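Asker: Hey, dropping entry_27.cif in here, mmCIF, C-alpha atoms:
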```cif
data_run
loop_
_atom_site.label_atom_id
_atom_site.label_comp_id
_atom_site.auth_asym_id
_atom_site.auth_seq_id
_atom_site.Cartn_x
_atom_site.Cartn_y
_atom_site.Cartn_z
CA MET T 125 140.84 153.04 116.51
CA LYS T 126 142.25 150.56 113.99
CA THR T 127 144.72 149.28 116.55
CA ARG T 128 141.92 148.74 119.06
CA LEU T 129 139.84 146.80 116.49
CA ALA T 130 142.83 144.68 115.59
CA LEU T 131 143.41 143.91 119.27
CA ILE T 132 139.76 142.94 119.72
CA ALA T 133 139.94 140.66 116.65
CA LEU T 134 143.08 139.05 117.99
CA ALA T 135 141.45 138.51 121.36
CA VAL T 136 138.41 136.91 119.73
CA LEU T 137 140.66 134.65 117.67
CA ALA T 138 142.68 133.73 120.73
CA VAL T 139 139.51 132.62 122.53
CA ALA T 140 137.93 130.89 119.52
CA ALA T 141 140.98 129.04 118.20
CA PRO T 142 141.61 126.74 121.18
CA SER T 143 137.92 125.85 121.46
CA ALA T 144 137.79 124.99 117.77
CA ALA T 145 140.91 122.91 118.07
CA ALA T 146 139.48 121.19 121.13
CA ALA T 147 136.37 119.99 119.22
CA PRO T 148 136.66 116.21 119.55
CA ARG T 149 137.17 114.31 116.34
CA ALA T 150 134.45 111.74 115.68
CA SER T 151 135.55 108.19 116.35
CA LEU T 152 134.12 104.86 115.24
CA THR T 153 134.45 103.50 118.78
CA GLU T 154 132.23 106.26 120.16
CA ILE T 155 129.66 106.22 117.37
CA GLU T 156 129.22 102.45 117.27
CA LYS T 157 128.16 102.62 120.92
CA GLN T 158 125.32 104.96 119.96
CA VAL T 159 123.91 103.35 116.85
CA MET T 160 122.33 100.03 115.97
CA CYS T 161 122.98 97.41 113.38
CA PRO T 162 119.43 97.48 111.89
CA VAL T 163 119.58 93.91 110.60
CA CYS T 164 121.03 92.33 113.76
CA GLY T 165 118.94 94.43 116.17
CA THR T 166 121.97 94.96 118.43
CA LEU T 167 124.36 97.80 119.08
CA LEU T 168 126.73 98.20 116.15
CA GLN T 169 129.58 97.81 118.65
CA LEU T 170 128.47 94.20 119.26
CA ALA T 171 127.62 93.31 115.67
CA GLU T 172 129.87 91.49 113.24
CA SER T 173 127.40 90.71 110.43
CA PRO T 174 128.17 91.68 106.81
CA GLN T 175 125.65 94.53 107.09
CA ALA T 176 127.36 95.77 110.26
CA GLN T 177 130.74 95.70 108.50
CA ARG T 178 129.30 97.87 105.70
CA GLU T 179 127.86 100.28 108.26
CA LYS T 180 131.19 100.56 110.08
CA ALA T 181 132.99 101.17 106.79
CA PHE T 182 130.44 103.90 105.98
CA ILE T 183 131.09 105.59 109.34
CA GLU T 184 134.87 105.38 108.83
CA ARG T 185 134.49 106.93 105.39
CA LEU T 186 132.53 109.86 106.85
CA ILE T 187 135.10 110.28 109.66
CA ALA T 188 137.85 110.42 107.02
CA GLU T 189 135.84 113.15 105.27
CA GLY T 190 135.98 115.17 108.52
CA LYS T 191 132.28 114.85 109.42
CA THR T 192 131.26 115.43 113.03
CA GLU T 193 129.56 112.84 115.21
CA ASP T 194 126.16 114.50 114.75
CA GLN T 195 126.60 114.73 110.99
CA ILE T 196 127.48 111.04 110.84
CA LYS T 197 124.47 110.07 112.93
CA ASP T 198 122.26 112.22 110.66
CA ALA T 199 123.71 110.44 107.63
CA LEU T 200 122.95 107.07 109.23
CA VAL T 201 119.36 108.14 109.95
CA ALA T 202 119.02 109.24 106.30
CA GLU T 203 120.15 105.77 105.22
CA TYR T 204 118.44 103.49 107.74
CA GLY T 205 115.76 105.63 109.41
CA ASP T 206 115.38 106.67 113.06
CA GLU T 207 115.67 103.10 114.33
CA VAL T 208 119.39 103.14 113.66
CA LEU T 209 119.83 105.34 116.73
CA ALA T 210 120.31 103.34 119.93
CA LEU T 211 118.70 106.18 121.90
CA PRO T 212 115.58 107.90 120.54
CA GLN T 213 115.95 111.50 119.40
CA ASP T 214 114.97 114.19 121.90
CA SER T 215 112.45 115.87 119.61
CA GLY T 216 109.04 115.17 118.07
CA PHE T 217 107.24 111.97 118.94
CA SER T 218 110.53 110.30 119.99
CA LEU T 219 110.61 112.70 122.94
CA SER T 220 107.83 110.60 124.50
CA ALA T 221 110.42 107.86 125.06
CA TYR T 222 111.99 110.15 127.66
CA VAL T 223 108.87 111.93 128.94
CA VAL T 224 106.57 108.93 129.45
CA PRO T 225 108.86 107.07 131.92
CA ILE T 226 109.39 110.28 133.94
CA VAL T 227 105.64 110.98 134.07
CA ALA T 228 104.96 107.34 134.98
CA PHE T 229 107.59 107.52 137.75
CA VAL T 230 106.14 110.75 139.16
CA VAL T 231 102.59 109.36 139.07
CA ALA T 232 103.73 106.13 140.74
CA ALA T 233 105.64 108.10 143.41
CA ILE T 234 102.59 110.28 144.13
CA ALA T 235 100.35 107.19 144.33
CA LEU T 236 102.84 105.49 146.66
CA ALA T 237 103.14 108.58 148.89
CA PHE T 238 99.36 108.90 148.98
CA GLY T 239 99.02 105.22 149.93
CA VAL T 240 101.65 105.47 152.67
CA MET T 241 99.98 108.59 154.12
CA ARG T 242 96.60 106.85 154.22
CA TRP T 243 98.12 103.76 155.83
CA ARG T 244 99.93 105.81 158.48
CA ARG T 245 96.80 107.82 159.23
CA ALA T 246 94.77 104.65 159.59
CA SER T 247 97.32 102.99 161.88
CA SER T 248 97.78 106.09 164.09
CA SER T 249 94.02 106.54 164.56
CA GLY T 250 93.78 102.85 165.44
CA ARG T 251 96.51 103.25 168.11
CA GLY T 252 94.55 106.02 169.98
CA GLN T 253 91.47 103.89 170.48
CA PRO T 254 90.96 101.86 173.70
CA ALA T 255 91.36 98.12 173.59
CA ALA T 256 88.34 96.18 172.50
CA ALA T 257 85.68 96.30 175.25
CA GLY T 258 84.49 93.10 176.92
CA PRO T 259 80.95 91.80 176.92
CA LYS T 260 78.25 94.19 177.99
CA GLY T 261 74.84 93.98 179.59
CA ASP T 262 73.45 90.46 180.04
CA ASP T 263 76.57 88.92 178.62
CA ALA T 264 78.73 90.66 181.21
CA GLU T 265 76.47 89.49 184.06
CA ARG T 266 76.49 85.93 182.72
CA LEU T 267 80.27 86.04 182.44
CA ASP T 268 80.62 87.33 186.01
CA ALA T 269 78.25 84.61 187.25
CA ASP T 270 80.19 81.90 185.44
CA LEU T 271 83.50 83.16 186.75
CA ALA T 272 82.10 83.26 190.27
CA ARG T 273 81.39 79.52 190.07
CA TYR T 274 85.05 78.79 189.63
CA ASP T 275 87.44 78.92 192.48
CA LEU T 276 90.35 80.58 190.77
CA MET I 65 82.45 99.36 140.50
CA SER I 66 84.46 101.72 142.71
CA VAL I 67 86.79 104.36 141.29
CA ARG I 68 89.78 102.41 142.60
CA SER I 69 88.66 99.21 140.81
CA SER I 70 88.03 101.14 137.60
CA ILE I 71 91.55 102.58 137.71
CA ALA I 72 93.02 99.13 138.34
CA VAL I 73 91.07 97.64 135.41
CA LEU I 74 92.14 100.52 133.14
CA ALA I 75 95.78 100.06 134.18
CA VAL I 76 95.65 96.33 133.42
CA LEU I 77 93.97 96.98 130.05
CA ALA I 78 96.63 99.56 129.18
CA LEU I 79 99.38 97.10 130.07
CA VAL I 80 97.80 94.33 127.98
CA GLY I 81 97.33 96.81 125.12
CA LEU I 82 101.01 97.76 125.27
CA LEU I 83 102.06 94.11 125.23
CA VAL I 84 99.81 93.36 122.23
CA PHE I 85 101.12 96.45 120.41
CA GLY I 86 104.68 95.37 121.13
CA LEU I 87 104.05 91.89 119.78
CA LEU I 88 102.28 93.16 116.66
CA SER I 89 104.87 95.80 115.85
CA LYS I 90 107.76 93.40 116.42
CA GLY I 91 107.22 91.66 113.13
CA GLY I 92 104.26 91.13 110.88
CA SER I 93 103.44 87.74 109.46
CA ARG I 94 104.48 87.06 105.88
CA VAL I 95 101.96 88.08 103.24
CA ALA I 96 100.21 84.92 102.07
CA VAL I 97 99.28 83.76 98.59
CA GLY I 98 95.96 85.31 97.60
CA GLU I 99 96.40 88.34 99.87
CA PRO I 100 96.86 91.87 98.52
CA ALA I 101 100.53 92.87 98.30
CA PRO I 102 101.37 95.92 100.43
CA GLY I 103 101.65 99.02 98.26
CA THR I 104 104.25 100.87 100.30
CA SER I 105 105.59 103.91 98.46
CA LEU I 106 109.39 103.92 98.26
CA PRO I 107 112.06 106.16 96.76
CA GLN I 108 113.80 104.96 93.63
CA LEU I 109 117.31 103.69 94.21
CA GLU I 110 118.57 105.85 91.36
CA GLY I 111 116.94 109.22 90.76
CA GLY I 112 114.74 111.33 92.96
CA GLY I 113 111.25 109.96 92.42
CA SER I 114 109.24 107.45 94.37
CA GLU I 115 107.09 104.51 93.35
CA SER I 116 104.73 101.97 94.83
CA LEU I 117 103.32 98.68 93.64
CA ALA I 118 100.16 100.54 92.67
CA ASP I 119 102.17 102.12 89.83
CA TYR I 120 102.54 98.63 88.34
CA LYS I 121 98.86 97.72 88.46
CA GLY I 122 97.89 95.77 85.36
CA ARG I 123 101.30 94.02 85.18
CA TRP I 124 102.69 90.93 86.77
CA VAL I 125 105.47 91.99 89.14
CA LEU I 126 108.13 89.82 90.72
CA VAL I 127 109.03 91.80 93.86
CA ASN I 128 112.57 90.88 94.88
CA PHE I 129 113.83 92.02 98.30
CA TRP I 130 117.62 92.13 98.32
CA ALA I 131 120.65 93.86 99.87
CA SER I 132 124.18 94.35 98.61
CA TRP I 133 125.69 92.68 101.69
CA CYS I 134 123.67 89.50 101.12
CA GLU I 135 125.59 86.66 99.43
CA PRO I 136 122.54 84.70 98.14
CA CYS I 137 121.31 87.98 96.57
CA LYS I 138 124.52 88.09 94.53
CA GLU I 139 123.94 84.53 93.39
CA GLU I 140 120.36 85.11 92.24
CA ALA I 141 120.90 88.54 90.61
CA PRO I 142 122.06 87.17 87.19
CA ALA I 143 119.06 84.82 87.02
CA LEU I 144 116.65 87.66 87.77
CA GLU I 145 118.27 89.88 85.14
CA GLU I 146 118.08 87.11 82.57
CA PHE I 147 114.41 86.49 83.45
CA GLN I 148 113.72 90.21 83.05
CA ARG I 149 115.40 90.22 79.63
CA GLN I 150 113.25 87.29 78.55
CA HIS I 151 109.90 88.35 79.98
CA GLY I 152 110.13 92.04 80.95
CA GLY I 153 107.75 94.37 79.14
CA ALA I 154 104.26 95.83 79.36
CA LYS I 155 102.89 92.74 81.08
CA PHE I 156 105.68 91.79 83.47
CA THR I 157 108.62 93.21 85.32
CA VAL I 158 110.98 92.28 88.09
CA LEU I 159 110.96 94.99 90.78
CA GLY I 160 114.01 95.09 93.05
CA VAL I 161 113.68 96.44 96.60
CA ASP I 162 117.05 97.19 98.19
CA THR I 163 116.35 96.84 101.89
CA ARG I 164 118.35 97.90 104.97
CA ASP I 165 121.27 98.81 102.79
CA LEU I 166 123.43 101.83 102.07
CA THR I 167 122.35 103.72 98.96
CA SER I 168 125.86 103.81 97.52
CA ASP I 169 126.35 100.07 98.09
CA GLY I 170 122.97 99.32 96.50
CA ARG I 171 123.77 101.41 93.44
CA GLU I 172 127.16 99.73 93.14
CA PHE I 173 125.47 96.32 93.28
CA VAL I 174 123.07 97.30 90.47
CA ARG I 175 125.98 98.46 88.33
CA GLU I 176 128.12 95.42 89.10
CA TYR I 177 125.40 92.94 88.10
CA GLY I 178 124.06 95.08 85.26
CA LEU I 179 120.49 95.00 86.57
CA SER I 180 118.12 96.69 84.15
CA TYR I 181 114.84 96.28 86.05
CA PRO I 182 113.47 99.06 88.29
CA GLN I 183 114.93 99.35 91.78
CA LEU I 184 113.42 100.91 94.91
CA ARG I 185 115.11 101.78 98.19
CA ASP I 186 113.79 100.49 101.51
CA GLY I 187 116.48 101.85 103.86
CA ASP I 188 114.59 101.40 107.13
CA GLY I 189 113.15 98.02 106.12
CA GLY I 190 109.55 99.30 106.34
CA ALA I 191 108.42 97.62 103.12
CA ALA I 192 110.21 94.38 104.04
CA HIS I 193 108.33 94.52 107.36
CA ASP I 194 105.01 95.12 105.56
CA TYR I 195 105.61 92.00 103.46
CA GLY I 196 106.60 90.08 106.58
CA THR I 197 110.01 89.09 105.28
CA THR I 198 112.44 87.48 107.67
CA GLY I 199 115.59 88.07 105.64
CA VAL I 200 116.95 88.57 102.16
CA PRO I 201 116.44 87.58 99.48
CA GLU I 202 112.70 87.00 99.34
CA ASN I 203 110.54 86.96 96.23
CA PHE I 204 106.82 87.67 95.77
CA LEU I 205 104.97 87.32 92.47
CA VAL I 206 102.12 89.84 92.37
CA ASP I 207 99.36 89.57 89.78
CA PRO I 208 97.91 92.48 87.75
CA GLU I 209 95.22 93.00 90.43
CA GLY I 210 97.87 93.42 93.12
CA LYS I 211 97.47 90.03 94.83
CA VAL I 212 100.35 87.75 95.75
CA GLN I 213 100.22 84.59 93.61
CA TRP I 214 103.52 82.96 94.55
CA LEU I 215 106.32 83.59 97.00
CA LEU I 216 109.68 82.21 97.93
CA PRO I 217 111.50 83.16 101.13
CA GLY I 218 114.93 82.56 99.63
CA PRO I 219 116.94 82.92 96.45
CA VAL I 220 115.66 81.97 93.02
CA ASP I 221 117.65 80.54 90.12
CA ASP I 222 117.00 80.04 86.40
CA GLU I 223 115.32 76.69 86.87
CA TYR I 224 113.11 77.91 89.71
CA LEU I 225 111.98 80.94 87.75
CA ARG I 226 111.28 78.85 84.66
CA GLU I 227 109.30 76.20 86.54
CA GLN I 228 107.56 78.26 89.23
CA VAL I 229 107.10 81.79 87.89
CA GLU I 230 106.95 81.47 84.11
CA PRO I 231 103.68 79.45 84.09
CA PHE I 232 101.86 82.40 85.67
CA LEU I 233 102.93 84.89 83.01
CA PRO I 234 101.12 85.75 79.79
CA GLN I 235 102.56 83.89 76.82
CA GLU I 236 103.32 86.85 74.60
CA LYS I 237 105.83 89.48 75.76
CA SER I 238 104.71 92.96 74.83
#
```
Can you turn what I pasted into structure tokens?
Answerer:
Amino acid sequence: MKTRLALIALAVLAVAAPSAAAAPRASLTEIEKQVMCPVCGTLLQLAESPQAQREKAFIERLIAEGKTEDQIKDALVAEYGDEVLALPQDSGFSLSAYVVPIVAFVVAAIALAFGVMRWRRASSSGRGQPAAAGPKGDDAERLDADLARYDL
Amino acid sequence: MSVRSSIAVLAVLALVGLLVFGLLSKGGSRVAVGEPAPGTSLPQLEGGGSESLADYKGRWVLVNFWASWCEPCKEEAPALEEFQRQHGGAKFTVLGVDTRDLTSDGREFVREYGLSYPQLRDGDGGAAHDYGTTGVPENFLVDPEGKVQWLLPGPVDDEYLREQVEPFLPQEKS
């Protein structure tokens, strides 16, 4: 029984160890693409202001402490607020930044499809009708009389 | 008005509303002399509490927006500290607001320049936005009723404080 448990533990370790080792180490290059320089209003990657330098140094310090990318981004949010993130968070009110464009796109697509269907229906029903009729009644007789006067 | 026209009008109004909201939220105009100073509540730079300008009602307050990465802020810090030593008390205080700065850097700045006046933390720049600042440093003198009486979008020095701010303050320091 003990041997079996030991084997199971070894197997679990064998599976878990490589995945833990494979966890990517946070890098400044990756993080500065995802966060803003709050003073400059640009991606940190593109910023060279004194504030941006301090922010980069802060990130490097946290990387040296072994913090993960998410932990570093959380620390930046704690310092500068949500606006430090280049992309809004996918929870709470910030989720609307993702949902609203999708809803707007779907509504626009439905409206467009509806418009195209109506246009096609209108044009196909127009095609089935006979060509516009000529004058009728007195007008037709007058036209015939006029035409008869000409030697065509 | 047909349903289709109503929808079109609503869509245009929504678009205009979004544009106006975008323009307004982009940056407020600077608080003017005579206007009430925004009373945004902020955490203290050192310690766990929070404060707002309302806590200083009844005193003259020189609100100083600064950041540790700002060179002019370093130049004006000694003058502000000296002014606080001369005039700080029950009727006046300088109130520092460390804006868009790292907490540790802000605390280091306070230690380095030996600033004794109260300091608040405005990490996301919300208070700076409420005051309509366009950079750091900026200074606002708020009277005991909470109205802005003088402002300077830039650094102060000894002479400026003596000539521009001192005349507003009560004569006796208590």
Asker: Against region 180-190 of chain I, which residues of region 149-216 of chain T fall within 10 Å? For each one I want the closest pair of atoms and the distance in Å (one decimal), counting only C-alpha atoms, rows by chain and increasing residue number, as JSON lines.
Answerer:
```
{"residue": "T:Pro162", "atom": "CA", "partner": "I:Asp188", "partner_atom": "CA", "distance": 7.8}
{"residue": "T:Val163", "atom": "CA", "partner": "I:Gly189", "partner_atom": "CA", "distance": 8.8}
{"residue": "T:Leu200", "atom": "CA", "partner": "I:Gly187", "partner_atom": "CA", "distance": 9.9}
{"residue": "T:Val201", "atom": "CA", "partner": "I:Asp188", "partner_atom": "CA", "distance": 8.7}
{"residue": "T:Ala202", "atom": "CA", "partner": "I:Gly187", "partner_atom": "CA", "distance": 8.2}
{"residue": "T:Glu203", "atom": "CA", "partner": "I:Gly187", "partner_atom": "CA", "distance": 5.5}
{"residue": "T:Tyr204", "atom": "CA", "partner": "I:Asp188", "partner_atom": "CA", "distance": 4.4}
{"residue": "T:Gly205", "atom": "CA", "partner": "I:Asp188", "partner_atom": "CA", "distance": 4.9}
{"residue": "T:Asp206", "atom": "CA", "partner": "I:Asp188", "partner_atom": "CA", "distance": 8.0}
{"residue": "T:Glu207", "atom": "CA", "partner": "I:Asp188", "partner_atom": "CA", "distance": 7.5}
{"residue": "T:Val208", "atom": "CA", "partner": "I:Asp188", "partner_atom": "CA", "distance": 8.3}
```
Asker: Can you write out the residues you just picked, keeping C-alpha atoms, as a PDB file, in the frame of the given file?
Answerer:
```pdb
ATOM      1  CA  PRO T 162     119.430  97.480 111.890  1.00  0.00           C
ATOM      2  CA  VAL T 163     119.580  93.910 110.600  1.00  0.00           C
ATOM      3  CA  LEU T 200     122.950 107.070 109.230  1.00  0.00           C
ATOM      4  CA  VAL T 201     119.360 108.140 109.950  1.00  0.00           C
ATOM      5  CA  ALA T 202     119.020 109.240 106.300  1.00  0.00           C
ATOM      6  CA  GLU T 203     120.150 105.770 105.220  1.00  0.00           C
ATOM      7  CA  TYR T 204     118.440 103.490 107.740  1.00  0.00           C
ATOM      8  CA  GLY T 205     115.760 105.630 109.410  1.00  0.00           C
ATOM      9  CA  ASP T 206     115.380 106.670 113.060  1.00  0.00           C
ATOM     10  CA  GLU T 207     115.670 103.100 114.330  1.00  0.00           C
ATOM     11  CA  VAL T 208     119.390 103.140 113.660  1.00  0.00           C
TER      12      VAL T 208
END
```
Asker: For CA of Arg226 (chain I) and CA of Glu176 (chain I), determine how far apart the two atoms are, in Å to one decimal place.
Answerer: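 Straight-line distance from CA of Arg226 (chain I) to CA of Glu176 (chain I) works out to 24.0 Å.
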Asker: What residues come out when you apply the PyMOL selection byres ((chain I) within 9 of (chain T)) to this file, written as a list in words?
Answerer: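 Applying the PyMOL selection byres ((chain I) within 9 of (chain T)) to the structure shown produces Ala131, Ser132, Trp133, Cys134, Arg164, Asp165, Leu166, Thr167, Asp169, Asp186, Gly187, Asp188, Gly189 and Gly199 of chain I.
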Asker: Using the chain letters and numbering of this document, enumerate as a list in words the residues selected by the PyMOL selection byres ((chain I and resi 211-222) around 7).
Answerer: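 Residues picked by the PyMOL selection byres ((chain I and resi 211-222) around 7): Ala96, Val97, Gly98, Glu99, Pro100, Ala101, Pro136, Cys137, Glu140, Ala143, Val200, Pro201, Glu202, Asn203, Phe204, Leu205, Val206, Asp207, Glu209, Gly210, Glu223, Tyr224, Leu225 and Arg226 of chain I.
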Asker: Could you please determine the separation between CA of Leu106 (chain I) and CA of Thr157 (chain I) in Å, to one decimal place?
Answerer: 16.8 Å
Asker: Record the distance separating CA of Val227 (chain T) and CA of Val67 (chain I), expressed in Å with one decimal.
Answerer: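 Spanning CA of Val227 (chain T) to CA of Val67 (chain I) is a straight-line distance of 21.2 Å.
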Asker: When you count only C-alpha atoms, which of these residues is closest to Trp124 (chain I): I:Gln148, I:Ser168, I:Thr198, I:Ser105?
Answerer: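 Comparing I:Gln148, I:Ser168, I:Thr198, I:Ser105 against Trp124 (chain I), the winner is I:Gln148.
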Asker: Using only C-alpha atoms and a cutoff of 8 Å, can you tell me which residues are near (105.4, 86.4, 80.9) in the file's coordinates, and write them out as a list in words?
Answerer: Trp124, His151, Gly152, Lys155, Phe156, Glu230, Pro231, Phe232, Leu233, Pro234, Gln235, Glu236 and Lys237 of chain I
Asker: With C-alpha atoms retained, export the selected residues as a tab-separated table (two decimals), in the coordinates of the input.
Answerer:
```tsv
chain	number	residue	atom	x	y	z
I	124	TRP	CA	102.69	90.93	86.77
I	151	HIS	CA	109.90	88.35	79.98
I	152	GLY	CA	110.13	92.04	80.95
I	155	LYS	CA	102.89	92.74	81.08
I	156	PHE	CA	105.68	91.79	83.47
I	230	GLU	CA	106.95	81.47	84.11
I	231	PRO	CA	103.68	79.45	84.09
I	232	PHE	CA	101.86	82.40	85.67
I	233	LEU	CA	102.93	84.89	83.01
I	234	PRO	CA	101.12	85.75	79.79
I	235	GLN	CA	102.56	83.89	76.82
I	236	GLU	CA	103.32	86.85	74.60
I	237	LYS	CA	105.83	89.48	75.76
```
